[in-house]
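Below: upload-v2.tsv (TSV, C-alpha atoms and all ligand atoms)
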chain	number	residue	atom	x	y	z
A	3	MET	CA	-8.94	-3.64	84.49
A	4	LEU	CA	-11.25	-5.58	86.82
A	5	LEU	CA	-15.03	-5.33	86.45
A	6	ARG	CA	-16.87	-3.34	89.06
A	7	GLU	CA	-19.33	-5.37	91.13
A	8	VAL	CA	-22.40	-6.34	89.12
A	9	GLU	CA	-25.46	-8.48	89.83
A	10	TYR	CA	-25.81	-11.55	87.64
A	11	ALA	CA	-28.98	-13.39	86.62
A	12	LYS	CA	-29.36	-16.47	84.44
A	13	PRO	CA	-33.02	-16.68	83.37
A	14	GLY	CA	-34.54	-19.98	82.26
A	15	SER	CA	-36.83	-18.52	79.60
A	16	VAL	CA	-37.17	-15.48	77.32
A	17	ALA	CA	-40.22	-14.41	79.35
A	18	GLU	CA	-38.13	-14.43	82.54
A	19	ALA	CA	-35.30	-12.53	80.82
A	20	LEU	CA	-37.76	-9.86	79.63
A	21	GLU	CA	-39.18	-9.54	83.14
A	22	LEU	CA	-35.69	-9.09	84.64
A	23	LEU	CA	-34.78	-6.46	82.02
A	24	ALA	CA	-38.07	-4.58	82.44
A	25	SER	CA	-37.97	-4.54	86.23
A	26	ASN	CA	-34.30	-3.47	86.63
A	27	ASP	CA	-33.42	-0.10	85.07
A	28	GLY	CA	-29.70	-0.83	85.08
A	29	ALA	CA	-29.97	-4.34	83.62
A	30	ARG	CA	-28.30	-5.29	80.32
A	31	ALA	CA	-28.54	-8.48	78.29
A	32	LEU	CA	-25.32	-10.50	78.12
A	33	ALA	CA	-24.78	-12.51	74.92
A	34	GLY	CA	-21.22	-13.50	73.91
A	35	GLY	CA	-19.76	-10.72	76.04
A	36	GLN	CA	-17.18	-9.91	73.34
A	37	THR	CA	-18.22	-6.25	73.29
A	38	LEU	CA	-20.12	-5.78	76.55
A	39	ILE	CA	-17.49	-7.19	78.93
A	40	ASN	CA	-14.78	-5.16	77.21
A	41	VAL	CA	-16.73	-1.88	77.50
A	42	MET	CA	-17.49	-2.72	81.15
A	43	LYS	CA	-13.79	-3.27	81.82
A	44	ALA	CA	-13.08	0.10	80.18
A	45	ARG	CA	-15.82	1.65	82.39
A	46	ALA	CA	-17.61	2.86	79.24
A	47	ALA	CA	-20.70	0.95	80.43
A	48	SER	CA	-21.65	0.09	84.00
A	49	PRO	CA	-24.78	-2.03	84.13
A	50	ASP	CA	-26.09	-2.91	87.60
A	51	MET	CA	-27.23	-6.36	86.45
A	52	LEU	CA	-26.22	-8.72	83.66
A	53	VAL	CA	-29.06	-10.87	82.32
A	54	ASP	CA	-27.21	-13.81	80.78
A	55	LEU	CA	-28.98	-15.12	77.68
A	56	ASN	CA	-26.63	-18.10	77.25
A	57	GLY	CA	-28.98	-20.68	78.76
A	58	LEU	CA	-31.89	-19.81	76.46
A	59	GLU	CA	-32.31	-22.49	73.81
A	60	GLU	CA	-35.29	-20.47	72.47
A	61	LEU	CA	-32.76	-17.92	71.18
A	62	ARG	CA	-30.51	-20.44	69.41
A	63	GLY	CA	-30.66	-22.35	66.17
A	64	ILE	CA	-30.97	-21.90	62.43
A	65	GLU	CA	-34.07	-23.00	60.52
A	66	LEU	CA	-34.50	-23.18	56.77
A	67	ALA	CA	-38.11	-22.92	55.55
A	68	GLY	CA	-39.47	-24.38	52.33
A	69	ASP	CA	-39.36	-20.99	50.59
A	70	GLY	CA	-35.67	-20.58	51.47
A	71	THR	CA	-36.19	-18.16	54.36
A	72	LEU	CA	-33.57	-18.61	57.08
A	73	THR	CA	-34.59	-17.91	60.66
A	74	ILE	CA	-31.62	-17.44	62.95
A	75	GLY	CA	-31.85	-17.24	66.74
A	76	ALA	CA	-30.19	-14.11	68.16
A	77	MET	CA	-27.82	-16.21	70.34
A	78	THR	CA	-26.42	-18.13	67.37
A	79	THR	CA	-22.64	-17.69	67.26
A	80	TYR	CA	-20.53	-16.84	64.21
A	81	SER	CA	-18.92	-20.32	64.41
A	82	GLU	CA	-22.38	-21.97	64.39
A	83	LEU	CA	-23.34	-19.92	61.32
A	84	MET	CA	-20.12	-20.96	59.58
A	85	ALA	CA	-20.71	-24.66	60.32
A	86	SER	CA	-24.46	-24.80	59.66
A	87	ALA	CA	-25.73	-26.77	56.64
A	88	GLU	CA	-28.94	-24.68	56.69
A	89	ALA	CA	-27.05	-21.36	56.66
A	90	LYS	CA	-25.33	-22.46	53.42
A	91	ALA	CA	-28.63	-21.56	51.73
A	92	ARG	CA	-27.32	-17.98	51.99
A	93	PRO	CA	-23.55	-18.61	51.69
A	94	ILE	CA	-22.49	-15.00	52.35
A	95	LEU	CA	-23.49	-15.37	56.03
A	96	GLY	CA	-20.87	-18.00	56.88
A	97	GLU	CA	-18.31	-16.38	54.59
A	98	VAL	CA	-18.53	-13.00	56.32
A	99	CYS	CA	-18.64	-14.55	59.82
A	100	ALA	CA	-15.39	-16.37	58.98
A	101	THR	CA	-13.67	-12.99	58.56
A	102	ILE	CA	-14.73	-11.56	61.93
A	103	ALA	CA	-11.83	-11.27	64.40
A	104	ASP	CA	-10.35	-14.57	65.66
A	105	VAL	CA	-11.55	-18.05	66.63
A	106	GLN	CA	-12.23	-17.05	70.25
A	107	VAL	CA	-14.44	-14.12	69.22
A	108	ARG	CA	-16.18	-16.26	66.58
A	109	ASN	CA	-16.91	-19.01	69.13
A	110	ARG	CA	-18.45	-16.58	71.65
A	111	GLY	CA	-19.79	-13.67	69.57
A	112	THR	CA	-23.43	-13.88	68.47
A	113	ILE	CA	-25.36	-12.49	65.52
A	114	GLY	CA	-27.74	-10.78	67.97
A	115	GLY	CA	-24.93	-9.17	69.95
A	116	ASN	CA	-23.25	-7.95	66.78
A	117	LEU	CA	-26.46	-6.30	65.56
A	118	CYS	CA	-27.57	-4.93	68.96
A	119	SER	CA	-24.22	-3.29	69.64
A	120	ASN	CA	-24.40	-1.53	66.24
A	121	ASP	CA	-20.77	-0.56	66.31
A	122	PRO	CA	-20.48	1.18	62.92
A	123	THR	CA	-17.32	-0.84	62.17
A	124	ASN	CA	-19.05	-4.22	62.68
A	125	HIS	CA	-19.43	-6.56	59.72
A	126	LEU	CA	-23.04	-7.69	60.12
A	127	PRO	CA	-25.17	-4.48	60.16
A	128	PRO	CA	-24.53	-3.55	56.49
A	129	LEU	CA	-24.82	-7.21	55.48
A	130	MET	CA	-28.26	-7.52	57.13
A	131	VAL	CA	-29.43	-4.34	55.37
A	132	ALA	CA	-28.19	-5.58	51.97
A	133	VAL	CA	-29.86	-9.00	52.25
A	134	GLY	CA	-33.14	-7.47	53.44
A	135	ALA	CA	-33.19	-9.14	56.87
A	136	ARG	CA	-36.11	-8.68	59.26
A	137	MET	CA	-35.54	-8.55	63.03
A	138	THR	CA	-38.01	-9.81	65.62
A	139	ILE	CA	-38.01	-7.83	68.87
A	140	ALA	CA	-39.79	-9.14	71.96
A	141	GLY	CA	-40.99	-7.06	74.89
A	142	ALA	CA	-43.71	-6.87	77.49
A	143	GLY	CA	-46.26	-6.03	74.78
A	144	GLY	CA	-45.42	-9.06	72.61
A	145	GLU	CA	-43.36	-9.29	69.42
A	146	ARG	CA	-42.82	-6.88	66.53
A	147	GLU	CA	-40.84	-7.22	63.30
A	148	VAL	CA	-38.52	-4.47	62.07
A	149	PRO	CA	-36.79	-4.39	58.65
A	150	ALA	CA	-32.98	-4.12	58.91
A	151	GLU	CA	-32.92	-0.63	57.36
A	152	GLU	CA	-35.10	0.63	60.24
A	153	PHE	CA	-33.37	-1.39	62.98
A	154	PHE	CA	-30.14	0.63	63.28
A	155	LEU	CA	-30.82	4.05	64.80
A	156	GLY	CA	-27.41	5.44	65.79
A	157	VAL	CA	-23.98	4.49	67.12
A	158	TYR	CA	-24.63	1.70	69.68
A	159	LEU	CA	-28.37	2.40	69.32
A	160	THR	CA	-31.01	0.17	67.72
A	161	ALA	CA	-34.77	-0.31	67.64
A	162	VAL	CA	-34.43	-2.70	70.63
A	163	GLY	CA	-35.73	-0.53	73.47
A	164	PRO	CA	-35.31	-0.80	77.25
A	165	GLY	CA	-36.76	-4.05	78.55
A	166	GLU	CA	-36.72	-5.64	75.08
A	167	LEU	CA	-34.70	-8.37	73.36
A	168	LEU	CA	-33.84	-9.17	69.78
A	169	THR	CA	-34.99	-12.77	69.50
A	170	ARG	CA	-34.48	-13.82	65.87
A	171	ILE	CA	-33.48	-12.63	62.42
A	172	ALA	CA	-35.26	-13.73	59.23
A	173	ILE	CA	-33.34	-13.65	55.97
A	174	PRO	CA	-35.10	-14.25	52.64
A	175	ALA	CA	-33.84	-16.71	50.02
A	176	GLY	CA	-31.02	-15.65	47.71
A	177	LYS	CA	-27.47	-16.59	46.80
A	178	LYS	CA	-26.22	-13.61	44.77
A	179	ASP	CA	-24.48	-11.61	47.48
A	180	GLY	CA	-21.08	-10.01	47.93
A	181	PHE	CA	-19.08	-8.39	50.70
A	182	ALA	CA	-15.88	-6.36	50.55
A	183	ALA	CA	-13.91	-4.65	53.31
A	184	VAL	CA	-10.65	-2.94	54.06
A	185	THR	CA	-9.59	-3.91	57.56
A	186	LEU	CA	-6.82	-3.21	60.05
A	187	GLY	CA	-4.76	-6.34	59.46
A	188	ALA	CA	-6.06	-9.70	58.24
A	189	GLU	CA	-8.77	-10.26	60.89
A	190	GLY	CA	-9.04	-6.69	62.12
A	191	THR	CA	-11.65	-4.02	62.50
A	192	CYS	CA	-13.16	-2.61	59.32
A	193	ILE	CA	-12.02	0.81	58.10
A	194	CYS	CA	-14.75	0.64	55.49
A	195	ASN	CA	-17.01	-2.14	54.22
A	196	ALA	CA	-19.79	-2.78	51.71
A	197	ALA	CA	-22.38	-5.52	51.27
A	198	ALA	CA	-24.35	-6.13	48.08
A	199	SER	CA	-27.24	-8.32	47.06
A	200	VAL	CA	-28.59	-8.69	43.52
A	201	ASN	CA	-31.43	-11.12	44.17
A	202	GLY	CA	-34.12	-9.32	42.19
A	203	GLY	CA	-33.29	-5.64	42.77
A	204	VAL	CA	-29.83	-4.35	43.62
A	205	ARG	CA	-29.28	-3.59	47.32
A	206	VAL	CA	-25.94	-2.17	48.42
A	207	ALA	CA	-25.22	-1.06	52.00
A	208	LEU	CA	-22.09	0.70	53.23
A	209	GLY	CA	-20.55	0.41	56.69
A	210	CYS	CA	-18.12	2.64	58.66
A	211	VAL	CA	-19.19	5.82	56.86
A	212	ASP	CA	-22.08	6.91	59.09
A	213	ALA	CA	-23.66	6.04	62.44
A	214	VAL	CA	-25.86	3.45	60.72
A	215	PRO	CA	-25.41	1.41	57.51
A	216	VAL	CA	-26.11	3.52	54.42
A	217	LEU	CA	-28.49	1.81	51.99
A	218	LEU	CA	-27.84	3.11	48.48
A	219	THR	CA	-30.42	3.67	45.80
A	220	VAL	CA	-28.97	1.80	42.83
A	221	ASP	CA	-30.53	1.78	39.34
A	222	GLY	CA	-28.68	-1.36	38.19
A	223	PRO	CA	-25.51	-3.42	38.70
A	224	GLY	CA	-23.50	-0.95	36.53
A	225	ALA	CA	-24.63	2.11	38.48
A	226	VAL	CA	-23.12	1.36	41.90
A	227	ALA	CA	-20.27	3.92	41.78
A	228	ASP	CA	-22.77	6.60	40.67
A	229	ALA	CA	-25.02	5.65	43.59
A	230	VAL	CA	-22.13	6.04	46.08
A	231	ARG	CA	-21.34	9.50	44.65
A	232	ALA	CA	-25.03	10.49	44.77
A	233	ALA	CA	-25.20	9.52	48.47
A	234	ASN	CA	-23.01	12.57	49.36
A	235	LEU	CA	-21.27	10.66	52.13
A	236	MET	CA	-19.64	12.57	54.99
A	237	PRO	CA	-17.75	9.82	56.83
A	238	PRO	CA	-15.67	10.56	59.91
A	239	SER	CA	-11.89	10.99	59.81
A	240	ASP	CA	-9.83	9.14	62.41
A	241	VAL	CA	-6.32	7.78	62.94
A	242	HIS	CA	-6.99	4.98	60.44
A	243	ALA	CA	-8.47	6.89	57.50
A	244	SER	CA	-9.46	10.37	56.43
A	245	SER	CA	-13.02	11.14	55.41
A	246	GLU	CA	-11.92	11.49	51.77
A	247	TYR	CA	-10.20	8.09	51.85
A	248	ARG	CA	-13.36	6.45	53.25
A	249	ILE	CA	-15.40	8.02	50.43
A	250	HIS	CA	-12.92	6.59	47.92
A	251	LEU	CA	-13.02	3.15	49.62
A	252	SER	CA	-16.83	3.19	49.61
A	253	GLU	CA	-16.89	3.49	45.84
A	254	VAL	CA	-14.26	0.79	45.34
A	255	LEU	CA	-15.73	-1.65	47.88
A	256	ALA	CA	-19.37	-1.17	46.85
A	257	THR	CA	-18.40	-1.86	43.23
A	258	ARG	CA	-16.36	-4.91	44.28
A	259	ALA	CA	-19.20	-6.31	46.44
A	260	ALA	CA	-21.78	-5.77	43.67
A	261	GLU	CA	-19.53	-7.44	41.07
A	262	GLU	CA	-19.01	-10.42	43.40
A	263	ALA	CA	-22.77	-10.67	43.92
A	264	ALA	CA	-23.58	-10.45	40.22
A	265	ALA	CA	-20.96	-13.09	39.33
A	266	ARG	CA	-22.52	-15.79	41.56
A	301	LIG	C1	-10.75	-8.57	69.67
A	301	LIG	C2	-12.11	-8.33	69.06
A	301	LIG	C3	-12.20	-8.04	67.71
A	301	LIG	C4	-13.45	-7.83	67.11
A	301	LIG	N1	-13.51	-7.57	65.77
A	301	LIG	C5	-14.72	-7.47	65.18
A	301	LIG	C6	-14.83	-7.27	63.76
A	301	LIG	O1	-13.84	-7.16	63.04
A	301	LIG	N2	-16.08	-7.20	63.22
A	301	LIG	C7	-17.21	-7.32	63.98
A	301	LIG	O2	-18.31	-7.28	63.43
A	301	LIG	N3	-17.13	-7.49	65.30
A	301	LIG	C8	-15.94	-7.56	65.91
A	301	LIG	N4	-15.85	-7.72	67.28
A	301	LIG	C9	-17.09	-7.64	68.08
A	301	LIG	C10	-17.69	-9.03	68.20
A	301	LIG	O3	-18.16	-9.43	66.93
A	301	LIG	C11	-18.82	-9.09	69.21
A	301	LIG	O4	-19.06	-10.45	69.38
A	301	LIG	C12	-20.13	-8.46	68.88
A	301	LIG	O5	-20.02	-7.12	68.51
A	301	LIG	C13	-21.06	-8.51	70.08
A	301	LIG	O6	-21.63	-9.78	70.17
A	301	LIG	P1	-21.71	-10.53	71.55
A	301	LIG	O7	-22.55	-11.73	71.33
A	301	LIG	O8	-20.37	-10.74	72.11
A	301	LIG	O9	-22.58	-9.49	72.42
A	301	LIG	P2	-22.34	-8.84	73.87
A	301	LIG	O10	-21.00	-8.24	73.94
A	301	LIG	O11	-22.72	-9.80	74.93
A	301	LIG	O12	-23.47	-7.70	73.80
A	301	LIG	C14	-23.31	-6.55	72.99
A	301	LIG	C15	-24.48	-5.59	73.21
A	301	LIG	O13	-25.66	-6.13	72.64
A	301	LIG	C16	-26.68	-6.32	73.63
A	301	LIG	N5	-27.36	-7.58	73.28
A	301	LIG	C17	-26.76	-8.74	72.95
A	301	LIG	N6	-27.68	-9.65	72.56
A	301	LIG	C18	-28.89	-9.04	72.64
A	301	LIG	C19	-30.22	-9.44	72.33
A	301	LIG	N7	-30.50	-10.68	71.87
A	301	LIG	N8	-31.21	-8.55	72.50
A	301	LIG	C20	-30.94	-7.28	72.96
A	301	LIG	N9	-29.69	-6.84	73.24
A	301	LIG	C21	-28.68	-7.71	73.08
A	301	LIG	C22	-25.96	-6.36	74.97
A	301	LIG	O14	-26.77	-5.94	76.04
A	301	LIG	C23	-24.83	-5.37	74.71
A	301	LIG	O15	-25.27	-4.05	74.86
A	301	LIG	C24	-14.62	-7.93	67.91
A	301	LIG	C25	-14.54	-8.22	69.27
A	301	LIG	C26	-13.29	-8.43	69.85
A	301	LIG	C27	-13.21	-8.77	71.31
Turn this file's structure into structure tokens for me.
Ligand SMILES: Cc1cc2nc3c(=O)[nH]c(=O)nc-3n(C[C@H](O)[C@H](O)[C@H](O)COP(=O)(O)OP(=O)(O)OC[C@H]3O[C@@H](n4cnc5c(N)ncnc54)[C@H](O)[C@@H]3O)c2cc1C
Amino acid sequence: MLLREVEYAKPGSVAEALELLASNDGARALAGGQTLINVMKARAASPDMLVDLNGLEELRGIELAGDGTLTIGAMTTYSELMASAEAKARPILGEVCATIADVQVRNRGTIGGNLCSNDPTNHLPPLMVAVGARMTIAGAGGEREVPAEEFFLGVYLTAVGPGELLTRIAIPAGKKDGFAAVTLGAEGTCICNAAASVNGGVRVALGCVDAVPVLLTVDGPGAVADAVRAANLMPPSDVHASSEYRIHLSEVLATRAAEEAAAR
């Protein structure tokens, strides 16, 4: 289906982008377009103006600090994360990005777009929660930092408010991470996924079982299955999986992700 008519703006700075978003009620940020353009074609979203972030170098790039913290610009693509020498400091990032969809989506899709769309089947929201990422959000009042577990608020809803932008994501040092998913086909959408990190404490986050990633309270690497059971999950049923099957997958995948993390 063709797009309905929409105004298009290509700002030259983050400040200009924020001004355009704040002064136009119907404006939406355009990143890789791999979700937004599709939902516009399906008439599920009808912004009046697209504010294209693709010219903003301020939102690109991956920096590795002396303490191992990675700072990733929101407009960094999956392919850039896979190829980056700096991002190898946290190898799970490139590994998970390599499993998202196909080459075209990986070349266009951005970490910021993935997180801001907060589709519950996306790969990156549970991963960011497990690794303890911190998101920087910019708006008219300046910048604020939000931990990943407070960033996702509901299906397609995040802490990024009207007139705001996610500008960068900070990920602390650590290599002991794991990710496991059951997908529709080799590069398909997740039916259920789990991310784990055992750098210090154990952090396990589940995807596809609720509107936002579910961060489990885990007593130790051997207690992951117990933690999934204690979470009393009530995932949705759909054509791909029943609620009961998703509960079963959560236990299997969380255990698998935690074992992968612990073995590194
Ligand atoms: C065929 C296909 C298969 C896919 N399979 C998967 C999959 O298996 N796993 C997966 O995780 N994803 C999958 N995706 C989704 C893909 O990863 C998208 O790239 C991603 O969800 C959105 O990123 P984007 O950069 O394209 O954002 P866009 O589509 O441009 O934007 C998405 C939303 O985020 C907002 N936004 C974007 N950037 C910012 C920002 N910096 N600040 C504030 N708001 C912002 C936009 O306004 C919009 O509402 C698939 C997509 C396609 C087309």
Segment 120-225 of chain A residues near segment 82-97 of chain A within 12 Å, closest pair each, using only C-alpha atoms, as a Markdown table:
| residue | atom | partner | partner_atom | distance |
| --- | --- | --- | --- | --- |
| A:His125 | CA | A:Leu95 | CA | 10.4 |
| A:Leu126 | CA | A:Leu95 | CA | 8.7 |
| A:Pro127 | CA | A:Leu95 | CA | 11.8 |
| A:Pro128 | CA | A:Leu95 | CA | 11.9 |
| A:Leu129 | CA | A:Leu95 | CA | 8.3 |
| A:Met130 | CA | A:Leu95 | CA | 9.3 |
| A:Ala132 | CA | A:Ile94 | CA | 11.0 |
| A:Val133 | CA | A:Arg92 | CA | 9.3 |
| A:Ala135 | CA | A:Leu95 | CA | 11.6 |
| A:Ala172 | CA | A:Ala89 | CA | 11.5 |
| A:Ile173 | CA | A:Arg92 | CA | 8.4 |
| A:Pro174 | CA | A:Arg92 | CA | 8.7 |
| A:Ala175 | CA | A:Arg92 | CA | 6.9 |
| A:Gly176 | CA | A:Arg92 | CA | 6.1 |
| A:Lys177 | CA | A:Arg92 | CA | 5.4 |
| A:Lys178 | CA | A:Arg92 | CA | 8.5 |
| A:Asp179 | CA | A:Ile94 | CA | 6.3 |
| A:Gly180 | CA | A:Ile94 | CA | 6.8 |
| A:Phe181 | CA | A:Ile94 | CA | 7.6 |
| A:Ala182 | CA | A:Ile94 | CA | 11.0 |
| A:Ala197 | CA | A:Ile94 | CA | 9.5 |
| A:Ala198 | CA | A:Ile94 | CA | 10.0 |
| A:Ser199 | CA | A:Ile94 | CA | 9.8 |
| A:Asn201 | CA | A:Arg92 | CA | 11.2 |
For atom N4 of ligand LIG 301 (chain A) and atom CA of His250 of chain A, the interatomic separation in Å (one decimal): 24.3 Å
All residues 9 Å or closer to segment 216-227 of chain A, all atoms listed in the file, same chain fewer than 2 positions away omitted, as an MDAnalysis selection string: chainID A and resid 128 131:132 151 200 203:209 211:214 229:233 235 252:254 256:257 260:261 264
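Using all atoms listed in the file, residues with at least one atom at most 6 Å away from any atom of ligand LIG 301 (chain A) are Arg30, Ala31, Leu32, Ala33, Gly34, Gly35, Gln36, Thr37, Leu38, Ala76, Ile102, Ala103, Val107, Gly111, Thr112, Gly114, Gly115, Asn116, Cys118, Ser119, Asn124, His125, Leu126, Leu167, Leu168, Thr169, Gly190, Thr191 and Cys192 of chain A.
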Need the axis-aligned box for segment 100-112 of chain A with 3 Å each side, so what are the centre and edges in Å to one decimal, as JSON?
{"center_x": -16.9, "center_y": -15.1, "center_z": 65.1, "size_x": 19.1, "size_y": 13.7, "size_z": 19.1}
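Comparing A:Leu72, A:Leu23, A:Leu5, A:Met137 by their smallest distance to Ala46 of chain A, the closest is A:Leu5 (using all atoms listed in the file).
Put simply, atom CA of Ala100 of chain A is 15.1 Å away from atom CA of Val184 of chain A.
Closest approach to Arg110 of chain A among A:Met77, A:Val162, A:Val16, A:Met236 is made by A:Met77 (distances from all atoms listed in the file).
Minimum atom-to-atom distance to Leu20 of chain A, evaluated using only C-alpha atoms, belongs to A:Leu55 out of A:Ile74, A:Leu159, A:Leu55, A:Ile39.
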Atomic separation - atom CA of Ala47 of chain A relative to atom CA of Leu4 of chain A, Å: 13.1 Å
Proximity to Leu52 of chain A - best of A:Val8, A:Ser25, A:Asp69, A:Thr160, all atoms listed in the file: A:Val8
Shell around Gly141 of chain A at 6 Å using all atoms listed in the file, local window under 2 positions removed, as a PyMOL selection string: chain A and resi 143-144+166
Contact residues around Asp50 of chain A with all atoms listed in the file at 7 Å, ignoring same-chain residues under 2 positions, as a PyMOL selection string: chain A and resi 8-9+28-29+48
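With distances taken over all atoms listed in the file, A:Pro49 is the one residue among A:Lys43, A:Asp27, A:Pro49, A:Thr123 lying closest to Tyr10 of chain A.
Across A:Cys99, A:Ala259, A:Val41, A:Ile64, the tightest approach to Ala196 of chain A is made by A:Ala259 when counting only C-alpha atoms.
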